[in-house]
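**Student:** The following file, work12.txt, comprises compact mmCIF, C-alpha atoms:
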```
# COMPACT_ATOMS: atom_id res chain seq x y z
CA MET A 22 3.99 136.98 24.02
CA PRO A 23 4.97 133.44 23.02
CA ASP A 24 8.62 132.61 22.75
CA LEU A 25 9.04 131.84 19.10
CA THR A 26 12.54 130.60 19.68
CA ASP A 27 11.21 127.48 21.43
CA LYS A 28 9.03 126.58 18.45
CA LYS A 29 10.94 125.01 15.62
CA THR A 30 9.09 124.09 12.52
CA ALA A 31 10.13 121.32 10.19
CA GLU A 32 11.45 123.91 7.79
CA GLU A 33 13.76 125.27 10.49
CA ILE A 34 15.22 121.86 11.35
CA PRO A 35 18.07 121.07 8.98
CA ALA A 36 17.70 117.80 7.16
CA GLN A 37 20.15 115.23 8.39
CA ARG A 38 22.01 113.66 5.59
CA THR A 39 23.63 110.35 6.26
CA ALA A 40 27.11 110.13 4.93
CA PRO A 41 27.58 107.38 2.36
CA ALA A 42 29.12 104.23 3.77
CA ALA A 43 32.74 103.94 2.93
CA ALA A 44 33.52 101.20 0.44
CA LYS A 45 35.11 98.20 2.03
CA PRO A 46 38.63 97.65 0.79
CA GLU A 47 39.00 94.55 -1.34
CA LYS A 48 40.60 91.71 0.55
CA ALA A 49 44.07 90.94 -0.71
CA ARG A 50 44.28 87.57 -2.44
CA SER A 51 47.06 85.09 -1.81
CA LEU A 52 49.26 83.76 -4.59
CA GLY A 53 47.17 80.61 -4.86
CA SER A 54 43.81 82.36 -4.95
CA ASP A 55 45.14 84.96 -7.37
CA ALA A 56 46.45 82.22 -9.67
CA TRP A 57 43.13 80.37 -9.49
CA HIS A 58 41.30 83.60 -10.29
CA ASP A 59 43.35 83.90 -13.50
CA LEU A 60 43.22 80.21 -14.40
CA ARG A 61 39.43 80.04 -14.38
CA ARG A 62 39.34 82.60 -17.19
CA LYS A 63 41.82 80.84 -19.46
CA PRO A 64 40.24 78.59 -22.12
CA ILE A 65 43.47 76.58 -22.42
CA PHE A 66 43.24 75.68 -18.74
CA VAL A 67 39.56 74.74 -18.89
CA ILE A 68 40.05 72.52 -21.95
CA SER A 69 43.14 70.77 -20.59
CA ALA A 70 41.58 70.31 -17.15
CA LEU A 71 38.46 68.72 -18.66
CA LEU A 72 40.59 66.37 -20.77
CA ILE A 73 42.67 65.34 -17.76
CA LEU A 74 39.55 64.86 -15.65
CA LEU A 75 38.09 62.59 -18.33
CA LEU A 76 41.35 60.66 -18.51
CA VAL A 77 41.42 60.17 -14.74
CA VAL A 78 37.83 58.91 -14.75
CA ILE A 79 38.70 56.47 -17.54
CA ALA A 80 41.71 55.23 -15.58
CA ILE A 81 39.73 54.78 -12.35
CA ALA A 82 36.61 53.21 -13.85
CA PRO A 83 37.24 51.88 -17.37
CA GLY A 84 34.18 49.67 -17.03
CA LEU A 85 32.01 52.77 -17.42
CA PHE A 86 33.20 53.16 -21.01
CA THR A 87 33.38 49.56 -22.22
CA SER A 88 32.27 46.11 -21.11
CA VAL A 89 34.68 44.32 -23.45
CA ASP A 90 37.59 42.33 -22.01
CA PRO A 91 40.74 44.01 -23.40
CA ARG A 92 42.74 40.75 -23.09
CA ALA A 93 40.18 38.50 -24.80
CA GLY A 94 41.29 37.73 -28.36
CA ASP A 95 39.39 36.13 -31.20
CA LEU A 96 41.55 35.22 -34.19
CA ARG A 97 38.48 35.37 -36.41
CA LEU A 98 38.46 39.11 -35.76
CA HIS A 99 41.94 40.27 -36.71
CA TYR A 100 43.42 43.52 -37.95
CA LEU A 101 42.08 43.03 -41.50
CA THR A 102 38.59 43.56 -40.09
CA LYS A 103 38.00 47.25 -40.67
CA PRO A 104 36.74 49.46 -37.84
CA ASN A 105 33.04 50.17 -37.72
CA TYR A 106 32.93 53.86 -36.83
CA SER A 107 29.15 53.82 -36.47
CA HIS A 108 29.31 51.38 -33.53
CA PHE A 109 30.04 53.89 -30.82
CA PHE A 110 31.69 52.43 -27.69
CA GLN A 111 31.42 48.92 -29.12
CA ALA A 112 34.21 46.36 -29.44
CA ASP A 113 34.70 46.96 -33.18
CA TRP A 114 34.57 50.77 -32.99
CA PHE A 115 38.36 51.09 -33.48
CA GLY A 116 38.85 47.66 -35.05
CA TYR A 117 40.97 44.76 -33.78
CA ASP A 118 44.68 44.13 -33.33
CA LEU A 119 46.78 41.19 -34.51
CA GLN A 120 45.42 38.88 -31.81
CA GLY A 121 41.80 39.82 -32.36
CA ARG A 122 41.57 42.04 -29.27
CA SER A 123 39.39 45.13 -29.29
CA ILE A 124 41.56 48.21 -29.87
CA TYR A 125 38.95 50.46 -28.28
CA ALA A 126 38.91 48.38 -25.09
CA ARG A 127 42.73 48.36 -24.93
CA VAL A 128 42.88 52.13 -25.47
CA ILE A 129 40.46 52.60 -22.56
CA TYR A 130 42.24 50.20 -20.20
CA GLY A 131 45.67 51.43 -21.25
CA ALA A 132 44.97 54.82 -19.66
CA ARG A 133 45.35 53.38 -16.15
CA ALA A 134 49.02 52.43 -16.51
CA SER A 135 49.92 55.77 -18.06
CA VAL A 136 48.09 57.83 -15.42
CA VAL A 137 49.54 55.82 -12.51
CA VAL A 138 53.08 56.06 -13.86
CA GLY A 139 52.78 59.76 -14.63
CA ILE A 140 51.30 60.76 -11.27
CA CYS A 141 53.54 58.52 -9.14
CA VAL A 142 56.74 59.53 -10.93
CA THR A 143 55.84 63.21 -10.71
CA ALA A 144 55.05 62.89 -7.00
CA GLY A 145 58.26 60.97 -6.38
CA VAL A 146 60.61 63.35 -8.18
CA THR A 147 58.87 66.36 -6.63
CA ILE A 148 59.32 65.01 -3.10
CA VAL A 149 62.91 63.83 -3.58
CA GLY A 150 64.02 66.79 -5.66
CA GLY A 151 62.12 69.29 -3.54
CA LEU A 152 63.65 68.13 -0.27
CA THR A 153 67.22 67.91 -1.59
CA GLY A 154 66.95 71.26 -3.35
CA MET A 155 65.49 72.92 -0.27
CA LEU A 156 68.30 71.60 1.94
CA ALA A 157 70.97 72.63 -0.55
CA GLY A 158 69.56 76.12 -1.06
CA TYR A 159 68.90 76.87 2.61
CA PHE A 160 72.02 75.53 4.31
CA GLY A 161 74.54 76.19 1.52
CA GLY A 162 78.16 75.44 2.27
CA TRP A 163 79.25 71.80 2.27
CA ALA A 164 75.65 70.55 2.12
CA ASP A 165 75.06 72.53 -1.06
CA THR A 166 78.35 71.34 -2.52
CA ILE A 167 77.68 67.64 -1.90
CA ILE A 168 74.07 67.74 -3.11
CA SER A 169 74.98 69.79 -6.19
CA ARG A 170 77.80 67.42 -7.20
CA VAL A 171 75.61 64.35 -6.74
CA THR A 172 72.91 66.09 -8.77
CA ASP A 173 75.40 66.81 -11.56
CA ILE A 174 76.39 63.15 -11.68
CA PHE A 175 72.80 61.95 -12.02
CA PHE A 176 71.95 64.80 -14.38
CA GLY A 177 74.64 63.55 -16.77
CA ILE A 178 72.84 60.20 -17.17
CA PRO A 179 70.25 60.33 -19.98
CA LEU A 180 66.85 59.50 -18.55
CA LEU A 181 65.83 57.01 -21.24
CA LEU A 182 69.21 55.25 -21.39
CA GLY A 183 69.50 55.07 -17.61
CA ALA A 184 65.97 53.70 -17.30
CA LEU A 185 66.83 50.99 -19.83
CA VAL A 186 69.81 49.92 -17.73
CA ILE A 187 67.87 49.92 -14.45
CA LEU A 188 64.86 48.07 -15.85
CA ASN A 189 67.10 45.35 -17.26
CA ALA A 190 67.89 44.40 -13.66
CA PHE A 191 64.22 43.51 -13.03
CA THR A 192 63.02 40.07 -13.98
CA SER A 193 59.39 41.25 -13.97
CA ARG A 194 58.77 44.79 -15.13
CA THR A 195 55.59 46.22 -13.63
CA VAL A 196 54.25 49.73 -13.16
CA TRP A 197 56.18 50.14 -9.92
CA SER A 198 59.50 49.09 -11.41
CA VAL A 199 59.06 51.69 -14.14
CA VAL A 200 58.15 54.30 -11.51
CA PHE A 201 61.26 53.43 -9.50
CA ALA A 202 63.54 53.72 -12.53
CA LEU A 203 62.16 57.11 -13.58
CA VAL A 204 62.19 58.55 -10.05
CA ALA A 205 65.76 57.36 -9.47
CA LEU A 206 66.94 59.41 -12.45
CA GLY A 207 64.39 62.21 -12.80
CA TRP A 208 64.72 64.09 -9.50
CA THR A 209 67.68 66.21 -10.60
CA GLN A 210 65.68 68.88 -12.44
CA MET A 211 63.42 69.43 -9.44
CA THR A 212 66.46 69.77 -7.19
CA ARG A 213 67.91 72.54 -9.32
CA VAL A 214 64.63 74.40 -9.58
CA MET A 215 63.93 74.21 -5.84
CA ARG A 216 67.50 75.14 -4.92
CA GLY A 217 67.38 78.34 -6.97
CA SER A 218 63.96 79.27 -5.64
CA VAL A 219 65.00 78.70 -2.00
CA ILE A 220 68.16 80.78 -2.40
CA THR A 221 66.00 83.69 -3.54
CA VAL A 222 63.34 83.28 -0.83
CA LYS A 223 65.69 82.81 2.13
CA GLN A 224 67.00 86.35 1.68
CA ALA A 225 63.55 87.84 2.25
CA ASP A 226 62.83 89.96 5.33
CA PHE A 227 60.19 87.63 6.75
CA VAL A 228 62.74 84.79 6.91
CA THR A 229 65.20 87.07 8.73
CA ALA A 230 62.44 88.10 11.12
CA ALA A 231 61.54 84.46 11.80
CA LYS A 232 65.15 83.68 12.65
CA ALA A 233 65.33 86.73 14.96
CA LEU A 234 62.21 85.54 16.79
CA GLY A 235 63.86 82.20 17.47
CA ALA A 236 61.94 80.00 15.01
CA GLY A 237 63.46 76.56 14.51
CA THR A 238 64.93 75.34 11.24
CA GLY A 239 62.02 73.04 10.52
CA ARG A 240 59.46 75.79 11.05
CA ILE A 241 61.39 78.20 8.85
CA LEU A 242 61.73 75.64 6.06
CA PHE A 243 58.17 74.33 5.99
CA LYS A 244 56.18 77.35 7.20
CA HIS A 245 58.01 80.24 5.58
CA ILE A 246 60.33 79.09 2.78
CA LEU A 247 58.47 76.14 1.23
CA PRO A 248 55.12 77.91 0.61
CA ASN A 249 56.93 80.82 -1.07
CA ALA A 250 59.38 78.69 -3.09
CA ILE A 251 57.06 75.94 -4.33
CA ALA A 252 55.50 77.79 -7.30
CA PRO A 253 58.30 77.09 -9.85
CA VAL A 254 58.36 73.45 -8.77
CA ILE A 255 54.61 73.12 -9.35
CA VAL A 256 55.00 74.51 -12.86
CA VAL A 257 57.86 72.17 -13.76
CA ALA A 258 56.07 69.17 -12.23
CA THR A 259 52.88 69.83 -14.18
CA ILE A 260 54.72 70.11 -17.48
CA SER A 261 56.97 67.11 -16.73
CA LEU A 262 54.03 64.82 -15.97
CA GLY A 263 53.18 64.53 -19.64
CA GLY A 264 56.83 63.83 -20.42
CA TYR A 265 56.93 60.94 -17.96
CA ILE A 266 53.86 59.41 -19.57
CA ALA A 267 55.58 59.64 -22.95
CA THR A 268 58.75 58.12 -21.49
CA GLU A 269 56.81 55.15 -20.10
CA ALA A 270 55.21 54.58 -23.50
CA THR A 271 58.64 54.80 -25.17
CA LEU A 272 60.11 52.22 -22.79
CA SER A 273 57.15 49.91 -23.39
CA PHE A 274 57.47 50.43 -27.15
CA LEU A 275 61.14 49.40 -26.97
CA GLY A 276 60.15 46.25 -25.08
CA ILE A 277 61.96 47.21 -21.90
CA GLY A 278 59.10 48.90 -20.04
CA LEU A 279 55.76 47.38 -19.09
CA GLN A 280 55.06 43.82 -20.13
CA ASP A 281 51.99 41.69 -20.69
CA PRO A 282 49.53 41.18 -19.10
CA THR A 283 49.78 44.90 -18.26
CA ILE A 284 47.94 46.96 -20.86
CA SER A 285 49.91 49.93 -22.15
CA TRP A 286 49.65 52.24 -25.12
CA GLY A 287 53.36 51.73 -25.76
CA ILE A 288 52.91 47.95 -26.01
CA ASP A 289 50.03 48.37 -28.46
CA ILE A 290 52.03 50.84 -30.58
CA ASN A 291 54.89 48.34 -30.71
CA SER A 292 52.65 45.53 -31.92
CA ALA A 293 50.82 47.78 -34.39
CA GLN A 294 53.99 48.88 -36.21
CA LYS A 295 54.12 45.47 -37.90
CA VAL A 296 50.87 46.13 -39.77
CA ILE A 297 51.12 49.89 -40.22
CA ARG A 298 50.63 49.63 -44.00
CA THR A 299 47.66 47.29 -44.01
CA ALA A 300 45.99 48.47 -40.79
CA PRO A 301 47.16 51.98 -39.86
CA PHE A 302 44.20 52.39 -37.49
CA ALA A 303 45.82 49.87 -35.11
CA LEU A 304 48.65 52.37 -34.62
CA PHE A 305 46.65 55.58 -34.91
CA PHE A 306 44.29 55.15 -31.96
CA PRO A 307 46.75 54.26 -29.15
CA ALA A 308 49.26 56.78 -30.50
CA GLY A 309 46.55 59.43 -30.80
CA MET A 310 45.39 58.82 -27.22
CA LEU A 311 48.98 59.08 -25.99
CA SER A 312 49.55 62.32 -27.87
CA LEU A 313 46.29 63.82 -26.60
CA THR A 314 47.20 62.95 -23.01
CA VAL A 315 50.69 64.44 -23.22
CA LEU A 316 49.30 67.55 -24.93
CA ALA A 317 46.69 68.02 -22.20
CA PHE A 318 49.31 68.02 -19.44
CA ILE A 319 51.61 70.34 -21.37
CA MET A 320 48.74 72.77 -21.93
CA LEU A 321 47.87 72.61 -18.24
CA GLY A 322 51.49 73.28 -17.32
CA ASP A 323 51.66 76.29 -19.61
CA ALA A 324 48.49 77.73 -18.09
CA VAL A 325 49.77 77.20 -14.54
CA ARG A 326 53.10 78.79 -15.43
CA ASP A 327 51.39 81.88 -16.82
CA ALA A 328 49.22 82.16 -13.70
CA LEU A 329 52.02 81.72 -11.15
CA ASP A 330 54.66 83.84 -12.87
CA PRO A 331 53.87 87.54 -12.37
CA LYS A 332 56.22 88.48 -15.21
CA LEU A 333 53.97 86.73 -17.73
CA ARG A 334 50.72 88.45 -16.67
```
Could you spell out this file's structure in structure tokens?

**Tutor:**
Amino acid sequence: MPDLTDKKTAEEIPAQRTAPAAAKPEKARSLGSDAWHDLRRKPIFVISALLILLLVVIAIAPGLFTSVDPRAGDLRLHYLTKPNYSHFFQADWFGYDLQGRSIYARVIYGARASVVVGICVTAGVTIVGGLTGMLAGYFGGWADTIISRVTDIFFGIPLLLGALVILNAFTSRTVWSVVFALVALGWTQMTRVMRGSVITVKQADFVTAAKALGAGTGRILFKHILPNAIAPVIVVATISLGGYIATEATLSFLGIGLQDPTISWGIDINSAQKVIRTAPFALFFPAGMLSLTVLAFIMLGDAVRDALDPKLR
């Protein structure tokens, strides 16, 4: 009699069911990647970033947007010649100034001075203010006292008035003299922001652990404290960049900033105020470009602040 126990039919074999694969946990994002994830979805960031990108391209390669010499004047074509708004990207698109120079060409070439001043001043005050604030916040004691008192002294000097005094000492005022004057007086805000951020970060457990493991001061400052304390400084720097561009234009408008042959929106605004009643377009276009640039950087700064500050999410 056959052993039926050795014969197993398909119906007697239980179906093996594979367990569903466990879902992989989502990888935790860093502060930078998390901020970028939020920024990409903000229309205000996209618009401001595109405007700034266009401005940078204009500053780097103005010849892509006009072939007209911005310094070439023709007295036959003066400010009484009305703009021809149908001549896109042509010399007479925005009209002519008092010396018969193309306003459109000068608006295009004037972007370079503003972008260079804004970026260089922002980089300078961020480096100087960031280092001094980091030293004051981390070491405390007499170092904090000395740096804070020096900061208070410089903070009491109005930026515009102090820049006027410093620039008067230069016989030739170029982009770099304006950058020097603004950096020499503008680092104080960054120092205060960085100092407060470092004081908060240095009390964290990972800093205490790094000290217990014997990490040097330089490693603690630049590997542990700086990456976690830099976010407020980035926000302030982004917003301040537009302010420095406006300050440069104000100095040039007052006749104490950039000088010819440098092309600046502030210089053009100064010359256009003489004919504001008869030719308002001579003032409108450089002033409008300046306002649009400052607005773009302020919008970018607001978007970055919202992305980096968890309280505003």

**Student:** Taking only C-alpha atoms into account, which of A:Val128, A:Ile241, A:Ala184, A:Ala303 comes nearest Phe201 (chain A)?

**Tutor:**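 The shortest atom-to-atom distance to Phe201 (chain A) comes from A:Ala184.
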
**Student:** Between CA of Leu180 (chain A) and CA of Met215 (chain A), what is the spacing in Å?

**Tutor:**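 Separating CA of Met215 (chain A) from CA of Leu180 (chain A) is a distance of 19.7 Å.
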
**Student:** Neighbouring residues of Gln120 (chain A) were defined as those with any atom within 10 Å, considering all atoms listed in the file; residues of the same chain fewer than 2 positions away were excluded. Please report them as JSON, numbers by chain.

**Tutor:** {"A": [92, 93, 94, 95, 96, 97, 98, 99, 100, 117, 118, 122, 123, 292]}

**Student:** Which distance in Å separates CA of Phe305 (chain A) and CA of Gly263 (chain A), to one decimal?

**Tutor:**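 Calculated distance between CA of Phe305 (chain A) and CA of Gly263 (chain A) is 18.9 Å.
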
**Student:** So that I can see what lies close to region 224-230 of chain A, please list as a PDB file with C-alpha atoms, in the frame of the given file the residues with an atom at most 8 Å from it, counting all atoms listed in the file and leaving out residues fewer than 3 positions away in the same chain.

**Tutor:**
```
ATOM      1  CA  ILE A 220      68.160  80.780  -2.400  1.00  0.00           C
ATOM      2  CA  THR A 221      66.000  83.690  -3.540  1.00  0.00           C
ATOM      3  CA  ALA A 233      65.330  86.730  14.960  1.00  0.00           C
ATOM      4  CA  LEU A 234      62.210  85.540  16.790  1.00  0.00           C
ATOM      5  CA  ILE A 241      61.390  78.200   8.850  1.00  0.00           C
ATOM      6  CA  HIS A 245      58.010  80.240   5.580  1.00  0.00           C
ATOM      7  CA  ILE A 246      60.330  79.090   2.780  1.00  0.00           C
TER       8      ILE A 246
END
```

**Student:** Tell me, in Å to one decimal, how far CA of Arg62 (chain A) is from CA of Leu321 (chain A).

**Tutor:**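 We find that CA of Arg62 (chain A) and CA of Leu321 (chain A) lie 13.2 Å from each other.
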
**Student:** If we count all atoms listed in the file, what is near Met320 (chain A) at a cut-off of 8 Å, once residues fewer than 2 positions away on the same chain are taken out, given as a list in words?

**Tutor:**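 Near Met320 (chain A), the qualifying residues are Ile65, Phe66, Ser69, Ile260, Leu316, Ala317, Phe318, Gly322, Asp323 and Ala324 of chain A.
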
**Student:** Mind checking which residues fall within 12 Å of region 173-176 of chain A, counting all atoms listed in the file, ignoring those fewer than 4 positions away in the same chain, and posting them as a list in words?

**Tutor:** Gly150, Asp165, Thr166, Ile167, Ile168, Ser169, Leu180, Gly183, Ala184, Leu203, Val204, Ala205, Leu206, Gly207, Trp208, Thr209, Gln210, Met211, Thr212 and Arg213 of chain A

**Student:** Take region 143-179 of chain A, model N, CA and C atoms, and hand the result over as a PDB file, in the coordinates of the input.

**Tutor:**
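Written output follows (out-v3.pdb):
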```pdb
ATOM      1  N   THR A 143      55.828  61.772 -10.993  1.00  0.00           N
ATOM      2  CA  THR A 143      55.840  63.210 -10.710  1.00  0.00           C
ATOM      3  C   THR A 143      55.864  63.467  -9.207  1.00  0.00           C
ATOM      4  N   ALA A 144      55.051  62.728  -8.460  1.00  0.00           N
ATOM      5  CA  ALA A 144      55.050  62.890  -7.000  1.00  0.00           C
ATOM      6  C   ALA A 144      56.400  62.508  -6.407  1.00  0.00           C
ATOM      7  N   GLY A 145      56.981  61.419  -6.914  1.00  0.00           N
ATOM      8  CA  GLY A 145      58.260  60.970  -6.380  1.00  0.00           C
ATOM      9  C   GLY A 145      59.390  61.953  -6.640  1.00  0.00           C
ATOM     10  N   VAL A 146      59.518  62.424  -7.869  1.00  0.00           N
ATOM     11  CA  VAL A 146      60.610  63.350  -8.180  1.00  0.00           C
ATOM     12  C   VAL A 146      60.393  64.704  -7.512  1.00  0.00           C
ATOM     13  N   THR A 147      59.142  65.089  -7.311  1.00  0.00           N
ATOM     14  CA  THR A 147      58.870  66.360  -6.630  1.00  0.00           C
ATOM     15  C   THR A 147      59.273  66.281  -5.161  1.00  0.00           C
ATOM     16  N   ILE A 148      58.959  65.165  -4.517  1.00  0.00           N
ATOM     17  CA  ILE A 148      59.320  65.010  -3.100  1.00  0.00           C
ATOM     18  C   ILE A 148      60.833  64.912  -2.937  1.00  0.00           C
ATOM     19  N   VAL A 149      61.465  64.024  -3.708  1.00  0.00           N
ATOM     20  CA  VAL A 149      62.910  63.830  -3.580  1.00  0.00           C
ATOM     21  C   VAL A 149      63.665  65.087  -4.004  1.00  0.00           C
ATOM     22  N   GLY A 150      63.334  65.594  -5.179  1.00  0.00           N
ATOM     23  CA  GLY A 150      64.020  66.790  -5.660  1.00  0.00           C
ATOM     24  C   GLY A 150      63.717  68.024  -4.831  1.00  0.00           C
ATOM     25  N   GLY A 151      62.469  68.136  -4.350  1.00  0.00           N
ATOM     26  CA  GLY A 151      62.120  69.290  -3.540  1.00  0.00           C
ATOM     27  C   GLY A 151      62.861  69.321  -2.215  1.00  0.00           C
ATOM     28  N   LEU A 152      62.952  68.179  -1.552  1.00  0.00           N
ATOM     29  CA  LEU A 152      63.650  68.130  -0.270  1.00  0.00           C
ATOM     30  C   LEU A 152      65.146  68.376  -0.428  1.00  0.00           C
ATOM     31  N   THR A 153      65.772  67.713  -1.399  1.00  0.00           N
ATOM     32  CA  THR A 153      67.220  67.910  -1.590  1.00  0.00           C
ATOM     33  C   THR A 153      67.531  69.328  -2.038  1.00  0.00           C
ATOM     34  N   GLY A 154      66.712  69.880  -2.919  1.00  0.00           N
ATOM     35  CA  GLY A 154      66.950  71.260  -3.350  1.00  0.00           C
ATOM     36  C   GLY A 154      66.728  72.254  -2.238  1.00  0.00           C
ATOM     37  N   MET A 155      65.745  72.011  -1.376  1.00  0.00           N
ATOM     38  CA  MET A 155      65.490  72.920  -0.270  1.00  0.00           C
ATOM     39  C   MET A 155      66.636  72.892   0.734  1.00  0.00           C
ATOM     40  N   LEU A 156      67.167  71.705   1.021  1.00  0.00           N
ATOM     41  CA  LEU A 156      68.300  71.600   1.940  1.00  0.00           C
ATOM     42  C   LEU A 156      69.539  72.268   1.367  1.00  0.00           C
ATOM     43  N   ALA A 157      69.784  72.037   0.068  1.00  0.00           N
ATOM     44  CA  ALA A 157      70.970  72.630  -0.550  1.00  0.00           C
ATOM     45  C   ALA A 157      70.870  74.151  -0.605  1.00  0.00           C
ATOM     46  N   GLY A 158      69.714  74.671  -0.944  1.00  0.00           N
ATOM     47  CA  GLY A 158      69.560  76.120  -1.060  1.00  0.00           C
ATOM     48  C   GLY A 158      69.553  76.826   0.274  1.00  0.00           C
ATOM     49  N   TYR A 159      69.013  76.200   1.310  1.00  0.00           N
ATOM     50  CA  TYR A 159      68.900  76.870   2.610  1.00  0.00           C
ATOM     51  C   TYR A 159      70.209  76.828   3.393  1.00  0.00           C
ATOM     52  N   PHE A 160      70.823  75.661   3.481  1.00  0.00           N
ATOM     53  CA  PHE A 160      72.020  75.530   4.310  1.00  0.00           C
ATOM     54  C   PHE A 160      73.286  76.002   3.580  1.00  0.00           C
ATOM     55  N   GLY A 161      73.354  75.778   2.246  1.00  0.00           N
ATOM     56  CA  GLY A 161      74.540  76.190   1.520  1.00  0.00           C
ATOM     57  C   GLY A 161      75.778  75.446   2.001  1.00  0.00           C
ATOM     58  N   GLY A 162      76.927  76.014   1.775  1.00  0.00           N
ATOM     59  CA  GLY A 162      78.160  75.440   2.270  1.00  0.00           C
ATOM     60  C   GLY A 162      78.417  74.035   1.758  1.00  0.00           C
ATOM     61  N   TRP A 163      78.909  73.163   2.670  1.00  0.00           N
ATOM     62  CA  TRP A 163      79.250  71.800   2.270  1.00  0.00           C
ATOM     63  C   TRP A 163      78.022  70.996   1.871  1.00  0.00           C
ATOM     64  N   ALA A 164      76.871  71.270   2.497  1.00  0.00           N
ATOM     65  CA  ALA A 164      75.650  70.550   2.120  1.00  0.00           C
ATOM     66  C   ALA A 164      75.264  70.865   0.673  1.00  0.00           C
ATOM     67  N   ASP A 165      75.366  72.137   0.312  1.00  0.00           N
ATOM     68  CA  ASP A 165      75.060  72.530  -1.060  1.00  0.00           C
ATOM     69  C   ASP A 165      76.060  71.918  -2.037  1.00  0.00           C
ATOM     70  N   THR A 166      77.320  71.886  -1.641  1.00  0.00           N
ATOM     71  CA  THR A 166      78.350  71.340  -2.520  1.00  0.00           C
ATOM     72  C   THR A 166      78.125  69.852  -2.789  1.00  0.00           C
ATOM     73  N   ILE A 167      77.871  69.091  -1.739  1.00  0.00           N
ATOM     74  CA  ILE A 167      77.680  67.640  -1.900  1.00  0.00           C
ATOM     75  C   ILE A 167      76.427  67.351  -2.731  1.00  0.00           C
ATOM     76  N   ILE A 168      75.318  68.000  -2.378  1.00  0.00           N
ATOM     77  CA  ILE A 168      74.070  67.740  -3.110  1.00  0.00           C
ATOM     78  C   ILE A 168      74.196  68.180  -4.566  1.00  0.00           C
ATOM     79  N   SER A 169      74.836  69.295  -4.814  1.00  0.00           N
ATOM     80  CA  SER A 169      74.980  69.790  -6.190  1.00  0.00           C
ATOM     81  C   SER A 169      75.846  68.859  -7.030  1.00  0.00           C
ATOM     82  N   ARG A 170      76.933  68.318  -6.432  1.00  0.00           N
ATOM     83  CA  ARG A 170      77.800  67.420  -7.200  1.00  0.00           C
ATOM     84  C   ARG A 170      77.107  66.092  -7.485  1.00  0.00           C
ATOM     85  N   VAL A 171      76.366  65.571  -6.498  1.00  0.00           N
ATOM     86  CA  VAL A 171      75.610  64.350  -6.740  1.00  0.00           C
ATOM     87  C   VAL A 171      74.537  64.584  -7.810  1.00  0.00           C
ATOM     88  N   THR A 172      73.907  65.742  -7.749  1.00  0.00           N
ATOM     89  CA  THR A 172      72.910  66.090  -8.770  1.00  0.00           C
ATOM     90  C   THR A 172      73.529  66.155 -10.148  1.00  0.00           C
ATOM     91  N   ASP A 173      74.717  66.729 -10.260  1.00  0.00           N
ATOM     92  CA  ASP A 173      75.400  66.810 -11.560  1.00  0.00           C
ATOM     93  C   ASP A 173      75.705  65.426 -12.111  1.00  0.00           C
ATOM     94  N   ILE A 174      76.081  64.500 -11.223  1.00  0.00           N
ATOM     95  CA  ILE A 174      76.390  63.150 -11.680  1.00  0.00           C
ATOM     96  C   ILE A 174      75.150  62.482 -12.261  1.00  0.00           C
ATOM     97  N   PHE A 175      74.040  62.562 -11.528  1.00  0.00           N
ATOM     98  CA  PHE A 175      72.800  61.950 -12.020  1.00  0.00           C
ATOM     99  C   PHE A 175      72.254  62.695 -13.225  1.00  0.00           C
ATOM    100  N   PHE A 176      72.461  64.014 -13.259  1.00  0.00           N
ATOM    101  CA  PHE A 176      71.950  64.800 -14.380  1.00  0.00           C
ATOM    102  C   PHE A 176      72.673  64.434 -15.683  1.00  0.00           C
ATOM    103  N   GLY A 177      73.892  63.941 -15.573  1.00  0.00           N
ATOM    104  CA  GLY A 177      74.640  63.550 -16.770  1.00  0.00           C
ATOM    105  C   GLY A 177      74.199  62.225 -17.360  1.00  0.00           C
ATOM    106  N   ILE A 178      73.339  61.479 -16.657  1.00  0.00           N
ATOM    107  CA  ILE A 178      72.840  60.200 -17.170  1.00  0.00           C
ATOM    108  C   ILE A 178      71.548  60.453 -17.941  1.00  0.00           C
ATOM    109  N   PRO A 179      71.497  60.135 -19.226  1.00  0.00           N
ATOM    110  CA  PRO A 179      70.250  60.330 -19.980  1.00  0.00           C
ATOM    111  C   PRO A 179      69.115  59.514 -19.358  1.00  0.00           C
TER     112      PRO A 179
END
```
